[in-house]
Structure formats: C-alpha cells, structure tokens
Amino acid sequence: QQQQQQQQQQQRSLRDSNGAHASVRKAELEKPKKQTGGKSQAPAAEIAELLTPEQLREKMDTLRTTIQRQVDHYFGEGYPTDNWLQSQADDRGWTSLKLVSRFNRMKELTSDLDFVRECLRTSTVVEVSSCGTWVRPR
C-alpha cells in the first residue's frame with residue numbers, strides 16, 4: 001500500500017511537471033487575493049504578468065513618484081514643526097531611512113529599501129547619505 005501511494009505521488013509529480021495539470025497551477029494563481037485594510041492585494045509577480053511592459057513601466061514610474069513625494073512630505077514644509085521626526089535625527093540632521101520606511105504609508109507602498117533609495121536620488125527636498133542608510137532635508 002505504501003508503495004502504491006509512492007507510485008501515485010510520482011505520477012502526480014510527472015503530470016505536474018509535464019503541464020498536464022496546468023489548470024491546477026492556474027487555479028492556484030487565481031485564488032482570492034490577500035485582504036489588507038479593506039484593499040485587495042495581488043502578489044507583485046501576478047500583477048506583472050497581467051500588465052504589458054509599457055503598463056508595468058508606467059506603474060513603476062508612478063510608484064517612484066509617489067514614494068519620493070511621500071518622503072518629501074515628511075521632510076518638507078512640515079518638518080520644522082515635526083518635533084518627533086526631528087528627535088529621531090542625529091546632530092547633523094540625518095534620520096534613518098529604515099525608520100522612515102517603517103512609517104505606515106511607506107509600508108503600504110513598498111518594503112524594498114533599495115527601491116526607496118533609488119526613488120530619493122532625484123529628490124530636491126531630501127538628500128540620501130553616500131552609504132544610502134540616512135536621509136535628511138536639503
């Protein structure tokens with residue numbers, strides 16, 4: 001009986017690797033998306049598969065702009081009156097980029113710290129340290 005079960009498992013594995021059960025894999029991808037805060041989120045890989053390269057490029061550009069604007073907002077006009085954020089800075093005004101990336105709005109946008117760094121390189125409001133770990137108002 002154990003041998004029979006192993007054979008069945010091997011047959012299933014073979015069928016899966018040969019694509020005979022592609023509909024099962026497709027059904028896996030079409031599972032309901034994870035709910036977060038009333039919003040439905042599809043994994044990034046699934047979203048990328050649904051978009052044309054041009055649409056994906058546009059979405060990424062929009063996300064870059066949104067992230068830059070968000071961080072610019074934190075360190076822009078309101079920064080002089082934001083005592084808490086100022087208290088997180090060192091004596092030269094540098095604040096941990098990791099800290100900023102843990103703000104709720106930033107977590108909604110991305111968890112990729114390297115991507116955040118990339119987005120901020122062109123900011124006229126904030127500067128990123130040469131090591132990429134710190135950020136401060138210009």
# chains A, B, ... in the order shown; residues from 1 in each chain; ligands from 1
>>> residues_around(residues="Ile67 (chain A)", least_positions_apart="5", cutoff="9 Å", atoms="only C-alpha atoms", output="list of chain:residue names")
A:Thr62, A:Asp72, A:Met106, A:Leu109, A:Thr110, A:Val116, A:Cys119, A:Leu120
>>> residues_around(residues="Asp90 (chain A)", least_positions_apart="6", cutoff="12 Å", atoms="only C-alpha atoms", output="list in words")
Ser96, Trp134, Val135 and Arg136 of chain A
>>> write_last_selection(atoms="N, CA, C and O atoms", output="compact mmCIF listing (two decimals), in the first residue's frame")
# COMPACT_ATOMS: atom_id res chain seq x y z
N SER A 96 17.37 57.85 10.02
CA SER A 96 17.48 56.51 9.44
C SER A 96 16.43 56.31 8.35
O SER A 96 15.23 56.50 8.58
N TRP A 134 20.95 56.84 5.46
CA TRP A 134 20.39 58.01 6.13
C TRP A 134 19.78 58.98 5.12
O TRP A 134 20.17 59.03 3.98
N VAL A 135 18.84 59.79 5.62
CA VAL A 135 18.19 60.80 4.81
C VAL A 135 18.00 62.04 5.67
O VAL A 135 17.85 61.96 6.89
N ARG A 136 18.06 63.21 5.02
CA ARG A 136 17.83 64.47 5.73
C ARG A 136 17.33 65.52 4.75
O ARG A 136 17.51 65.40 3.53
>>> closest_residue(among="A:Gln88, A:Thr66, A:Ser123, A:Thr81", to="Glu108 (chain A)", atoms="only C-alpha atoms")
A:Thr66
>>> atom_distance(atom1="CA of Ser129 (chain A)", atom2="CA of Asp82 (chain A)")
21.2 Å
>>> atom_distance(atom1="CA of Val125 (chain A)", atom2="CA of Arg138 (chain A)")
5.6 Å
>>> atom_distance(atom1="CA of Cys131 (chain A)", atom2="CA of Arg64 (chain A)")
20.2 Å
>>> select_by_dssp(residues="region 33-123 of chain A", states="helix (DSSP H, G or I)", output="ChimeraX atom specification")
/A:44-50,53-75,79-81,83-87,97-101,104-109,113-120
>>> closest_residue(among="A:Lys98, A:Thr65, A:Pro137, A:Asp91", to="Thr122 (chain A)", atoms="only C-alpha atoms")
A:Thr65
>>> closest_residue(among="A:Glu58, A:Arg69, A:Phe103, A:Leu51", to="Leu85 (chain A)", atoms="only C-alpha atoms")
A:Phe103
